[in-house]
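K.L.:
If it helps, the file is called coords-v1.txt and holds compact mmCIF, C-alpha atoms:
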```
# COMPACT_ATOMS: atom_id res chain seq x y z
CA MET A 1 -16.13 4.77 21.09
CA SER A 2 -13.80 5.46 18.15
CA TYR A 3 -11.43 3.01 16.49
CA ALA A 4 -8.26 3.64 14.51
CA PHE A 5 -8.24 2.59 10.87
CA PRO A 6 -5.63 2.95 8.06
CA PRO A 7 -5.43 6.62 7.02
CA GLY A 8 -4.91 6.17 3.28
CA GLY A 9 -3.72 9.22 1.38
CA LEU A 10 0.00 9.93 1.12
CA PRO A 11 2.39 11.61 3.59
CA ASP A 12 3.70 15.04 2.69
CA GLN A 13 7.05 15.19 0.86
CA SER A 14 8.54 16.81 3.97
CA GLU A 15 8.07 13.61 5.99
CA ASN A 16 11.22 11.71 7.01
CA PRO A 17 11.01 8.15 5.60
CA GLU A 18 13.03 6.79 8.52
CA GLY A 19 10.37 5.26 10.76
CA LYS A 20 9.60 2.43 13.13
CA ALA A 21 8.62 -0.21 10.55
CA VAL A 22 10.45 -3.44 11.42
CA PHE A 23 10.37 -6.91 9.89
CA THR A 24 12.26 -9.69 11.69
CA GLU A 25 12.03 -13.46 12.01
CA ALA A 26 10.38 -13.07 15.43
CA TYR A 27 8.09 -10.08 14.94
CA ALA A 28 7.03 -7.27 12.63
CA VAL A 29 5.80 -3.72 13.21
CA ILE A 30 3.76 -2.13 10.42
CA PRO A 31 3.04 1.47 11.50
CA ALA A 32 -0.13 3.30 10.57
CA ILE A 33 1.86 5.83 8.51
CA THR A 34 2.76 3.06 6.04
CA MET A 35 -0.89 2.15 5.36
CA ARG A 36 -1.39 4.48 2.40
CA ASP A 37 -3.20 4.42 -0.92
CA ILE A 38 -0.27 3.00 -2.87
CA VAL A 39 -0.06 -0.21 -0.79
CA THR A 40 -3.72 -1.25 -1.04
CA SER A 41 -4.98 -4.29 -2.93
CA LEU A 42 -8.19 -4.71 -4.91
CA LEU A 43 -10.10 -7.92 -4.19
CA PRO A 44 -11.80 -10.14 -6.81
CA GLY A 45 -15.52 -10.36 -6.19
CA TRP A 46 -15.64 -6.99 -4.41
CA THR A 47 -16.82 -3.66 -5.83
CA ARG A 48 -15.79 -0.18 -4.67
CA ALA A 49 -13.48 -1.74 -2.08
CA ARG A 50 -9.78 -1.89 -1.29
CA ALA A 51 -7.76 -3.69 1.37
CA TRP A 52 -4.60 -3.25 3.37
CA ILE A 53 -3.30 -6.79 3.77
CA LEU A 54 -1.40 -6.72 7.05
CA ALA A 55 -0.57 -10.40 7.46
CA ARG A 56 -0.57 -13.44 5.17
CA PRO A 57 0.71 -17.00 5.48
CA MET A 58 4.29 -17.10 4.23
CA THR A 59 7.66 -18.50 5.26
CA GLY A 60 9.07 -16.50 8.15
CA PHE A 61 5.87 -14.60 8.81
CA ALA A 62 2.24 -15.34 9.76
CA GLU A 63 1.56 -19.08 9.59
CA SER A 64 -2.03 -19.55 10.71
CA PHE A 65 -4.00 -16.56 9.39
CA ALA A 66 -4.42 -13.55 7.12
CA GLN A 67 -5.47 -10.14 8.41
CA TYR A 68 -7.02 -7.39 6.27
CA ALA A 69 -8.27 -3.87 6.88
CA VAL A 70 -10.96 -3.31 4.25
CA GLU A 71 -12.45 0.01 3.14
CA VAL A 72 -15.75 -0.11 1.22
CA ALA A 73 -17.21 2.99 -0.46
CA PRO A 74 -20.97 3.67 -0.26
CA GLY A 75 -22.84 1.15 -2.38
CA GLY A 76 -19.87 -1.21 -2.54
CA GLY A 77 -19.38 -4.70 -1.18
CA SER A 78 -19.54 -8.29 -2.31
CA ASP A 79 -22.00 -11.14 -2.87
CA THR A 80 -19.05 -13.58 -3.04
CA PRO A 81 -16.55 -12.25 -0.49
CA GLU A 82 -14.64 -15.44 0.37
CA PRO A 83 -13.04 -17.53 -2.40
CA ASP A 84 -11.90 -20.37 -0.09
CA GLU A 85 -14.69 -22.63 1.15
CA GLY A 86 -12.47 -23.86 4.00
CA ALA A 87 -11.95 -20.38 5.45
CA GLU A 88 -13.69 -19.05 8.54
CA ALA A 89 -13.97 -15.29 9.03
CA ILE A 90 -14.02 -12.81 11.88
CA LEU A 91 -15.12 -9.25 11.12
CA PHE A 92 -14.81 -6.14 13.31
CA VAL A 93 -16.29 -2.83 12.17
CA ALA A 94 -14.21 0.28 12.86
CA ASN A 95 -16.35 2.91 11.12
CA GLY A 96 -19.42 3.21 8.91
CA ARG A 97 -22.27 0.74 8.51
CA ALA A 98 -22.28 -2.81 7.19
CA GLN A 99 -25.15 -4.91 5.93
CA LEU A 100 -24.10 -8.51 6.52
CA THR A 101 -26.06 -11.63 5.58
CA ILE A 102 -24.99 -15.09 6.83
CA ASP A 103 -26.88 -18.13 5.48
CA GLY A 104 -29.89 -15.92 4.73
CA ALA A 105 -29.98 -14.16 8.12
CA PRO A 106 -29.53 -10.36 7.83
CA HIS A 107 -27.49 -8.31 10.30
CA GLU A 108 -26.87 -4.57 10.56
CA MET A 109 -23.45 -3.70 11.95
CA GLY A 110 -21.96 -0.40 13.09
CA PRO A 111 -18.76 0.65 14.86
CA GLY A 112 -17.74 -1.98 17.39
CA GLY A 113 -19.70 -4.67 15.54
CA TYR A 114 -18.22 -8.18 15.61
CA ALA A 115 -19.17 -11.20 13.51
CA TYR A 116 -17.95 -14.78 13.44
CA ILE A 117 -18.64 -16.62 10.16
CA PRO A 118 -17.92 -20.37 10.05
CA ALA A 119 -16.19 -22.06 7.15
CA GLY A 120 -18.61 -23.03 4.40
CA ALA A 121 -21.22 -20.41 5.30
CA ASP A 122 -22.94 -18.47 2.51
CA TRP A 123 -22.37 -14.82 3.34
CA TRP A 124 -22.25 -11.42 1.73
CA LEU A 125 -21.53 -7.87 2.87
CA HIS A 126 -22.41 -4.40 1.55
CA ASN A 127 -22.10 -0.77 2.62
CA PRO A 128 -25.65 0.64 2.64
CA GLY A 129 -24.73 3.98 4.17
CA PRO A 130 -23.57 7.37 2.90
CA ASP A 131 -20.09 7.09 4.46
CA PRO A 132 -17.13 4.75 3.88
CA LEU A 133 -17.18 1.46 5.76
CA GLY A 134 -13.97 0.29 7.41
CA PHE A 135 -13.67 -3.18 8.90
CA HIS A 136 -11.02 -5.67 9.97
CA TRP A 137 -11.18 -9.17 8.51
CA ILE A 138 -9.41 -12.24 9.86
CA ARG A 139 -9.30 -15.19 7.45
CA LYS A 140 -8.20 -18.63 8.65
CA HIS A 141 -8.61 -22.23 7.55
CA TRP A 142 -10.78 -23.82 10.22
CA ALA A 143 -9.01 -26.82 11.75
CA GLY A 144 -11.46 -29.51 12.75
CA ALA A 145 -10.77 -32.03 15.52
CA PRO A 146 -12.28 -35.42 16.49
CA GLY A 147 -15.54 -34.96 18.38
CA VAL A 148 -15.55 -31.18 17.82
CA GLY A 149 -18.33 -29.66 15.74
CA ARG A 150 -18.15 -26.56 13.56
CA PRO A 151 -18.87 -23.28 15.42
CA ASP A 152 -22.13 -21.41 14.86
CA ALA A 153 -22.24 -17.99 13.25
CA PHE A 154 -22.98 -15.04 15.54
CA VAL A 155 -23.01 -11.25 15.43
CA THR A 156 -22.60 -8.94 18.42
CA ASN A 157 -21.04 -5.62 19.44
CA GLU A 158 -18.20 -4.96 21.82
CA ARG A 159 -20.44 -2.74 23.98
CA ASP A 160 -22.34 -5.93 24.90
CA VAL A 161 -19.21 -7.83 25.96
CA ALA A 162 -17.83 -7.10 29.44
CA VAL A 163 -14.14 -6.67 30.15
CA ASP A 164 -12.71 -9.63 32.07
CA TRP A 165 -10.04 -8.01 34.26
CA MET A 166 -6.94 -9.99 35.14
CA PRO A 167 -6.71 -11.30 38.73
CA GLY A 168 -5.77 -8.62 41.21
CA THR A 169 -6.01 -5.64 38.85
CA ASP A 170 -8.50 -3.39 37.06
CA LYS A 171 -5.84 -2.02 34.70
CA TRP A 172 -5.45 -4.97 32.28
CA GLY A 173 -8.37 -6.90 30.88
CA THR A 174 -9.82 -8.70 27.86
CA GLN A 175 -13.16 -8.69 26.07
CA ARG A 176 -13.64 -12.27 24.91
CA PHE A 177 -16.22 -12.75 22.18
CA VAL A 178 -15.89 -16.55 22.40
CA ALA A 179 -15.73 -18.58 25.61
CA PRO A 180 -12.17 -19.91 26.10
CA HIS A 181 -13.48 -23.43 26.82
CA ASP A 182 -15.46 -23.63 23.55
CA LEU A 183 -13.21 -26.05 21.66
CA ARG A 184 -15.14 -25.59 18.42
CA HIS A 185 -13.18 -22.38 17.90
CA ASP A 186 -9.56 -22.75 16.76
CA CYS A 187 -8.80 -19.02 17.02
CA HIS A 188 -9.90 -15.96 18.93
CA LEU A 189 -10.11 -12.27 18.12
CA ASN A 190 -10.33 -10.37 21.39
CA ILE A 191 -10.04 -6.75 22.48
CA VAL A 192 -7.38 -6.12 25.11
CA THR A 193 -7.55 -2.97 27.25
CA PHE A 194 -4.90 -1.37 29.43
CA ARG A 195 -5.92 1.57 31.55
CA PRO A 196 -3.31 4.33 31.98
CA GLY A 197 -0.32 2.85 33.77
CA GLY A 198 -1.46 -0.72 33.12
CA ARG A 199 1.04 -3.30 31.99
CA ILE A 200 1.85 -6.91 31.26
CA PRO A 201 4.20 -7.33 34.23
CA PHE A 202 6.28 -10.16 32.74
CA ALA A 203 7.61 -11.18 29.35
CA GLU A 204 4.95 -13.55 28.00
CA THR A 205 6.09 -16.36 25.74
CA HIS A 206 3.65 -18.96 24.40
CA VAL A 207 2.71 -21.16 21.46
CA MET A 208 0.07 -18.80 20.03
CA GLU A 209 1.04 -16.38 17.27
CA HIS A 210 -0.48 -12.91 17.38
CA GLY A 211 -1.80 -10.25 15.08
CA ILE A 212 -2.23 -7.01 17.07
CA TYR A 213 -3.96 -3.91 15.66
CA VAL A 214 -3.94 -0.84 17.93
CA LEU A 215 -7.43 0.67 18.15
CA GLN A 216 -6.71 3.45 20.64
CA GLY A 217 -3.99 4.94 22.85
CA ARG A 218 -0.25 4.51 23.10
CA ALA A 219 2.15 2.08 24.74
CA THR A 220 5.68 0.82 24.86
CA TYR A 221 5.62 -2.79 23.68
CA LEU A 222 8.29 -5.46 24.17
CA LEU A 223 8.86 -7.58 21.06
CA ASN A 224 11.54 -10.21 21.55
CA GLN A 225 14.39 -8.08 23.01
CA ASP A 226 13.25 -4.71 21.63
CA TRP A 227 10.96 -2.07 23.11
CA VAL A 228 8.94 -0.17 20.48
CA GLU A 229 6.55 2.77 20.75
CA VAL A 230 3.14 2.01 19.23
CA GLY A 231 -0.05 4.02 18.78
CA PRO A 232 -3.39 4.14 16.97
CA GLY A 233 -3.46 2.19 13.71
CA ASP A 234 -0.13 0.41 14.22
CA PHE A 235 -0.03 -3.33 13.55
CA MET A 236 2.25 -5.93 15.14
CA TRP A 237 2.79 -9.58 14.28
CA LEU A 238 4.47 -11.92 16.79
CA ARG A 239 5.46 -15.45 15.96
CA ALA A 240 5.00 -18.30 18.45
CA PHE A 241 7.18 -17.99 21.56
CA CYS A 242 8.27 -14.40 20.82
CA PRO A 243 8.56 -12.69 24.23
CA GLN A 244 6.14 -9.79 24.66
CA ALA A 245 5.13 -7.29 27.33
CA CYS A 246 3.34 -3.94 27.38
CA ILE A 247 3.34 -0.68 29.36
CA ALA A 248 0.46 1.72 28.59
CA LYS A 249 1.40 5.38 28.20
CA GLY A 250 -0.51 8.64 28.42
CA ASP A 251 -3.88 9.44 29.97
CA GLU A 252 -6.24 7.32 27.83
CA ASP A 253 -6.85 3.61 27.56
CA PHE A 254 -4.57 1.57 25.29
CA ARG A 255 -6.71 -0.93 23.34
CA TYR A 256 -6.01 -3.41 20.56
CA LEU A 257 -7.52 -6.24 18.56
CA LEU A 258 -5.67 -9.46 19.39
CA TYR A 259 -5.71 -12.53 17.13
CA LYS A 260 -4.40 -15.84 18.44
CA ASP A 261 -4.67 -19.47 17.37
CA VAL A 262 -5.91 -21.78 20.17
CA ASN A 263 -7.45 -25.11 21.18
CA ARG A 264 -5.66 -27.51 18.84
CA HIS A 265 -2.83 -30.05 19.14
CA VAL A 266 0.53 -28.98 17.78
CA PRO A 267 1.26 -30.51 14.33
CA LEU A 268 4.28 -32.80 14.49
CA ARG A 269 5.64 -31.71 11.13
CA VAL A 270 7.05 -28.26 10.47
CA GLY A 271 4.37 -26.30 8.61
CA GLY A 272 1.58 -28.67 9.70
```
Can I see the file as C-alpha cells?
P.N.:
Amino acid sequence: MSYAFPPGGLPDQSENPEGKAVFTEAYAVIPAITMRDIVTSLLPGWTRARAWILARPMTGFAESFAQYAVEVAPGGGSDTPEPDEGAEAILFVANGRAQLTIDGAPHEMGPGGYAYIPAGADWWLHNPGPDPLGFHWIRKHWAGAPGVGRPDAFVTNERDVAVDWMPGTDKWGTQRFVAPHDLRHDCHLNIVTFRPGGRIPFAETHVMEHGIYVLQGRATYLLNQDWVEVGPGDFMWLRAFCPQACIAKGDEDFRYLLYKDVNRHVPLRVGG
C-alpha cells in the first residue's frame, strides 16, 4: 500500500498558477501542488524536520484541531515533540520508518502505522532509517467529561483494521481505529475507502468538522454548493454543517484520512 504525501520541491516556471486552491467560510481546498518547500515550517524541539501545517485553530477556519504533514530526514526527530501538555496526538505514517516511544514503551512504525498518544504522555519520535520519514500528525486539546477517563495510548497498523462497509454496499466503508462507543475519545482519525464508482449518495451535513487528506485515487467532492476534483495529496477542511458528498472516479480506490470531533456536548458559548 502506498500513501500520498506532500511533494516538496517547486513547480516548473511553465506551470499555470491558476489552480483549484479555495478558501471560504464553509470549506477550504489545499491542493498537493501547493505543498512545496517554500511553505514549510520548522518546529522548535525537532531536528532535521519540517512540517506542512494544513489546518490550525483560527477564526473562520479549523476550530477543534491542527493537522500537520511532517517530513523527518534520517537521524532526525524530537525528544520533546509536543509543547502543550493538554494536547493529545494521532500519528499516521505515510512513508519511511519511525521509532516512537510512549511513556517508556518503544514502538517501531512503518507505512500505514497509526498511533494514539493521550494528553500528558511522555513521548518522543525519531527516524532511525536511511530514508525520509513522512507522517501525518493531528494535535487537539483533549476535552474531558464527567465520568469519562483519559484514553490509553496504542499503536497499530491499518492492515490490521478491517473495513466496516456501509449497510447495503461494499463500495463505501471506513477503517475505525477507535470504537465509536468509546466515549474517552473526543476525536477520531479514520480511513475512508470508496471503490471505483462508490459514492456518498446524499449531501451529508452534521456537527463534526473535518480534515480530509487524500491518500490515494481521485474523486469529485461536494463542498457546500461546489463540486471540486480532488486527488492524491489534496487536503480539504469542512466546517460544521457544511454539506458534503463524494463520487469516486477512475479505476482505483479513492481513500482518505478523515478527522472529526465526536462524543462531547456542544459548548453553549461561541468558541467554547
K.L.:
For the atom pair CA of Pro31 (chain A) and CA of Tyr213 (chain A), what is the interatomic distance in Å to one decimal place?
P.N.:
9.8 Å
K.L.:
Closest to Pro11 (chain A) among A:Phe61, A:Val29, A:Asp253, A:Met35, using only C-alpha atoms?
P.N.:
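Nearest candidate to Pro11 (chain A) out of A:Phe61, A:Val29, A:Asp253, A:Met35: A:Met35.
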K.L.:
Which is closer to Asp261 (chain A) than all the others in A:Arg159, A:Arg195, A:Lys249, A:His210, using only C-alpha atoms?
P.N.:
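Looking only at the distances to Asp261 (chain A), the closest residue turns out to be A:His210.
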K.L.:
Would you work out the distance separating CA of Ala248 (chain A) from CA of Pro201 (chain A), expressed in Å to one decimal?
P.N.:
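Separation between CA of Ala248 (chain A) and CA of Pro201 (chain A): 11.3 Å.
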K.L.:
With all atoms listed in the file as the counted atoms, please give the residues lying no more than 10 Å from Ser41 (chain A), apart from itself and same-chain residues fewer than 4 positions off, as a list in words.
P.N.:
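Returned residues: Asp37, Ala49, Arg50, Ala51, Trp52, Ile53, Tyr68 and Val70 of chain A.
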K.L.:
Compare A:Tyr221, A:Phe235, A:Trp123, A:Trp227 by their minimum atom-to-atom distance to Tyr259 (chain A), counting only C-alpha atoms, and give me the closest one.
P.N.:
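Among the listed residues, the smallest separation from Tyr259 (chain A) belongs to A:Phe235.
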K.L.:
So how many Å separate CA of Asp186 (chain A) and CA of Tyr27 (chain A), to one decimal?
P.N.:
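It comes out at 21.8 Å.
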K.L.:
Measuring between only C-alpha atoms, which one of A:Leu10, A:Ala28, A:Trp165, A:Tyr256 shows the shortest distance to Cys242 (chain A)?
P.N.:
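Of all the options, A:Ala28 lies closest to Cys242 (chain A).
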K.L.:
With distances taken over all atoms listed in the file, which of A:Gly75, A:Gly149, A:Gly9, A:Gly211 is nearest to Leu183 (chain A)?
P.N.:
A:Gly149
K.L.:
Give the answer as one residue: which of A:Val22, A:Val228, A:Ile212, A:Ala219 has the shortest atom-to-atom distance to Phe254 (chain A), using all atoms listed in the file?
P.N.:
A:Ala219
K.L.:
Which residues are near Arg199 (chain A)? Cut-off 9 Å, only C-alpha atoms, ignore same chain within fewer than 2 positions. Put them as a list in words.
P.N.:
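Once the nearby chain positions are removed, what remains is Lys171, Trp172, Phe194, Arg195, Pro196, Gly197, Pro201, Phe202, Ala245, Cys246, Ile247 and Ala248 of chain A.
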K.L.:
With a distance cut-off of 8 Å and all atoms listed in the file, select the neighbouring residues of Asp131 (chain A), excluding the residue or stretch itself and same-chain residues fewer than 3 positions from it, and output the selection as number ranges by chain.
P.N.:
A: 73-74, 96-97
K.L.:
For Leu258 (chain A), please output as number ranges by chain all residues within 10 Å (counting all atoms listed in the file; exclusion window: fewer than 3 positions along the same chain).
P.N.:
A: 174, 188-192, 209-214, 236-237, 255
K.L.:
Please provide the set of residues having any atom within 12 Å of Val262 (chain A), restricted to only C-alpha atoms, with same-chain residues fewer than 4 positions apart removed, written as a PyMOL selection string.
P.N.:
chain A and resi 64+142-143+178-189+206-210+240+266
K.L.:
Return region 157-188 of chain A, completed with N, CA and C atoms, as a PDB file, keeping the file's coordinate frame.
P.N.:
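Saved file rebuild_32.pdb follows:
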```
ATOM      1  N   ASN A 157     -21.763  -6.884  19.408  1.00  0.00           N
ATOM      2  CA  ASN A 157     -21.040  -5.620  19.440  1.00  0.00           C
ATOM      3  C   ASN A 157     -20.223  -5.574  20.709  1.00  0.00           C
ATOM      4  N   GLU A 158     -19.076  -4.945  20.646  1.00  0.00           N
ATOM      5  CA  GLU A 158     -18.200  -4.960  21.820  1.00  0.00           C
ATOM      6  C   GLU A 158     -18.837  -4.301  23.039  1.00  0.00           C
ATOM      7  N   ARG A 159     -19.796  -3.382  22.824  1.00  0.00           N
ATOM      8  CA  ARG A 159     -20.440  -2.740  23.980  1.00  0.00           C
ATOM      9  C   ARG A 159     -21.258  -3.737  24.796  1.00  0.00           C
ATOM     10  N   ASP A 160     -21.568  -4.898  24.211  1.00  0.00           N
ATOM     11  CA  ASP A 160     -22.340  -5.930  24.900  1.00  0.00           C
ATOM     12  C   ASP A 160     -21.465  -7.026  25.503  1.00  0.00           C
ATOM     13  N   VAL A 161     -20.159  -6.833  25.449  1.00  0.00           N
ATOM     14  CA  VAL A 161     -19.210  -7.830  25.960  1.00  0.00           C
ATOM     15  C   VAL A 161     -18.391  -7.184  27.077  1.00  0.00           C
ATOM     16  N   ALA A 162     -18.516  -7.685  28.282  1.00  0.00           N
ATOM     17  CA  ALA A 162     -17.830  -7.100  29.440  1.00  0.00           C
ATOM     18  C   ALA A 162     -16.331  -7.366  29.385  1.00  0.00           C
ATOM     19  N   VAL A 163     -15.583  -6.466  29.999  1.00  0.00           N
ATOM     20  CA  VAL A 163     -14.140  -6.670  30.150  1.00  0.00           C
ATOM     21  C   VAL A 163     -13.901  -7.649  31.295  1.00  0.00           C
ATOM     22  N   ASP A 164     -13.114  -8.667  31.050  1.00  0.00           N
ATOM     23  CA  ASP A 164     -12.710  -9.630  32.070  1.00  0.00           C
ATOM     24  C   ASP A 164     -11.328  -9.196  32.568  1.00  0.00           C
ATOM     25  N   TRP A 165     -11.301  -8.550  33.740  1.00  0.00           N
ATOM     26  CA  TRP A 165     -10.040  -8.010  34.260  1.00  0.00           C
ATOM     27  C   TRP A 165      -9.168  -9.122  34.823  1.00  0.00           C
ATOM     28  N   MET A 166      -7.877  -8.995  34.631  1.00  0.00           N
ATOM     29  CA  MET A 166      -6.940  -9.990  35.140  1.00  0.00           C
ATOM     30  C   MET A 166      -6.990 -10.036  36.669  1.00  0.00           C
ATOM     31  N   PRO A 167      -6.648 -11.181  37.263  1.00  0.00           N
ATOM     32  CA  PRO A 167      -6.710 -11.300  38.730  1.00  0.00           C
ATOM     33  C   PRO A 167      -5.883 -10.231  39.423  1.00  0.00           C
ATOM     34  N   GLY A 168      -6.498  -9.561  40.382  1.00  0.00           N
ATOM     35  CA  GLY A 168      -5.770  -8.620  41.210  1.00  0.00           C
ATOM     36  C   GLY A 168      -5.568  -7.241  40.620  1.00  0.00           C
ATOM     37  N   THR A 169      -6.204  -6.955  39.452  1.00  0.00           N
ATOM     38  CA  THR A 169      -6.010  -5.640  38.850  1.00  0.00           C
ATOM     39  C   THR A 169      -7.241  -5.234  38.055  1.00  0.00           C
ATOM     40  N   ASP A 170      -7.472  -3.915  37.953  1.00  0.00           N
ATOM     41  CA  ASP A 170      -8.500  -3.390  37.060  1.00  0.00           C
ATOM     42  C   ASP A 170      -7.854  -2.544  35.963  1.00  0.00           C
ATOM     43  N   LYS A 171      -6.576  -2.785  35.700  1.00  0.00           N
ATOM     44  CA  LYS A 171      -5.840  -2.020  34.700  1.00  0.00           C
ATOM     45  C   LYS A 171      -5.504  -2.821  33.440  1.00  0.00           C
ATOM     46  N   TRP A 172      -5.769  -4.123  33.434  1.00  0.00           N
ATOM     47  CA  TRP A 172      -5.450  -4.970  32.280  1.00  0.00           C
ATOM     48  C   TRP A 172      -6.553  -6.018  32.148  1.00  0.00           C
ATOM     49  N   GLY A 173      -7.275  -5.970  31.049  1.00  0.00           N
ATOM     50  CA  GLY A 173      -8.370  -6.900  30.880  1.00  0.00           C
ATOM     51  C   GLY A 173      -8.653  -7.205  29.425  1.00  0.00           C
ATOM     52  N   THR A 174      -9.529  -8.194  29.195  1.00  0.00           N
ATOM     53  CA  THR A 174      -9.820  -8.700  27.860  1.00  0.00           C
ATOM     54  C   THR A 174     -11.320  -8.852  27.651  1.00  0.00           C
ATOM     55  N   GLN A 175     -11.800  -8.389  26.509  1.00  0.00           N
ATOM     56  CA  GLN A 175     -13.160  -8.690  26.070  1.00  0.00           C
ATOM     57  C   GLN A 175     -13.089  -9.912  25.166  1.00  0.00           C
ATOM     58  N   ARG A 176     -13.674 -11.006  25.633  1.00  0.00           N
ATOM     59  CA  ARG A 176     -13.640 -12.270  24.910  1.00  0.00           C
ATOM     60  C   ARG A 176     -14.990 -12.510  24.241  1.00  0.00           C
ATOM     61  N   PHE A 177     -14.985 -12.564  22.936  1.00  0.00           N
ATOM     62  CA  PHE A 177     -16.220 -12.750  22.180  1.00  0.00           C
ATOM     63  C   PHE A 177     -16.604 -14.231  22.094  1.00  0.00           C
ATOM     64  N   VAL A 178     -15.660 -15.101  22.402  1.00  0.00           N
ATOM     65  CA  VAL A 178     -15.890 -16.550  22.400  1.00  0.00           C
ATOM     66  C   VAL A 178     -15.386 -17.099  23.724  1.00  0.00           C
ATOM     67  N   ALA A 179     -16.148 -17.979  24.336  1.00  0.00           N
ATOM     68  CA  ALA A 179     -15.730 -18.580  25.610  1.00  0.00           C
ATOM     69  C   ALA A 179     -14.449 -19.386  25.415  1.00  0.00           C
ATOM     70  N   PRO A 180     -13.442 -19.202  26.274  1.00  0.00           N
ATOM     71  CA  PRO A 180     -12.170 -19.910  26.100  1.00  0.00           C
ATOM     72  C   PRO A 180     -12.310 -21.427  26.078  1.00  0.00           C
ATOM     73  N   HIS A 181     -13.330 -21.966  26.760  1.00  0.00           N
ATOM     74  CA  HIS A 181     -13.480 -23.430  26.820  1.00  0.00           C
ATOM     75  C   HIS A 181     -14.268 -23.999  25.642  1.00  0.00           C
ATOM     76  N   ASP A 182     -14.697 -23.154  24.713  1.00  0.00           N
ATOM     77  CA  ASP A 182     -15.460 -23.630  23.550  1.00  0.00           C
ATOM     78  C   ASP A 182     -14.471 -24.151  22.502  1.00  0.00           C
ATOM     79  N   LEU A 183     -14.250 -25.459  22.508  1.00  0.00           N
ATOM     80  CA  LEU A 183     -13.210 -26.050  21.660  1.00  0.00           C
ATOM     81  C   LEU A 183     -13.578 -26.075  20.179  1.00  0.00           C
ATOM     82  N   ARG A 184     -14.797 -25.684  19.838  1.00  0.00           N
ATOM     83  CA  ARG A 184     -15.140 -25.590  18.420  1.00  0.00           C
ATOM     84  C   ARG A 184     -14.297 -24.519  17.726  1.00  0.00           C
ATOM     85  N   HIS A 185     -13.925 -23.504  18.469  1.00  0.00           N
ATOM     86  CA  HIS A 185     -13.180 -22.380  17.900  1.00  0.00           C
ATOM     87  C   HIS A 185     -11.677 -22.661  17.965  1.00  0.00           C
ATOM     88  N   ASP A 186     -11.013 -22.522  16.824  1.00  0.00           N
ATOM     89  CA  ASP A 186      -9.560 -22.750  16.760  1.00  0.00           C
ATOM     90  C   ASP A 186      -8.773 -21.451  16.738  1.00  0.00           C
ATOM     91  N   CYS A 187      -9.476 -20.320  16.904  1.00  0.00           N
ATOM     92  CA  CYS A 187      -8.800 -19.020  17.020  1.00  0.00           C
ATOM     93  C   CYS A 187      -9.716 -18.061  17.733  1.00  0.00           C
ATOM     94  N   HIS A 188      -9.143 -17.015  18.281  1.00  0.00           N
ATOM     95  CA  HIS A 188      -9.900 -15.960  18.930  1.00  0.00           C
ATOM     96  C   HIS A 188      -9.483 -14.611  18.365  1.00  0.00           C
TER      97      HIS A 188
END
```
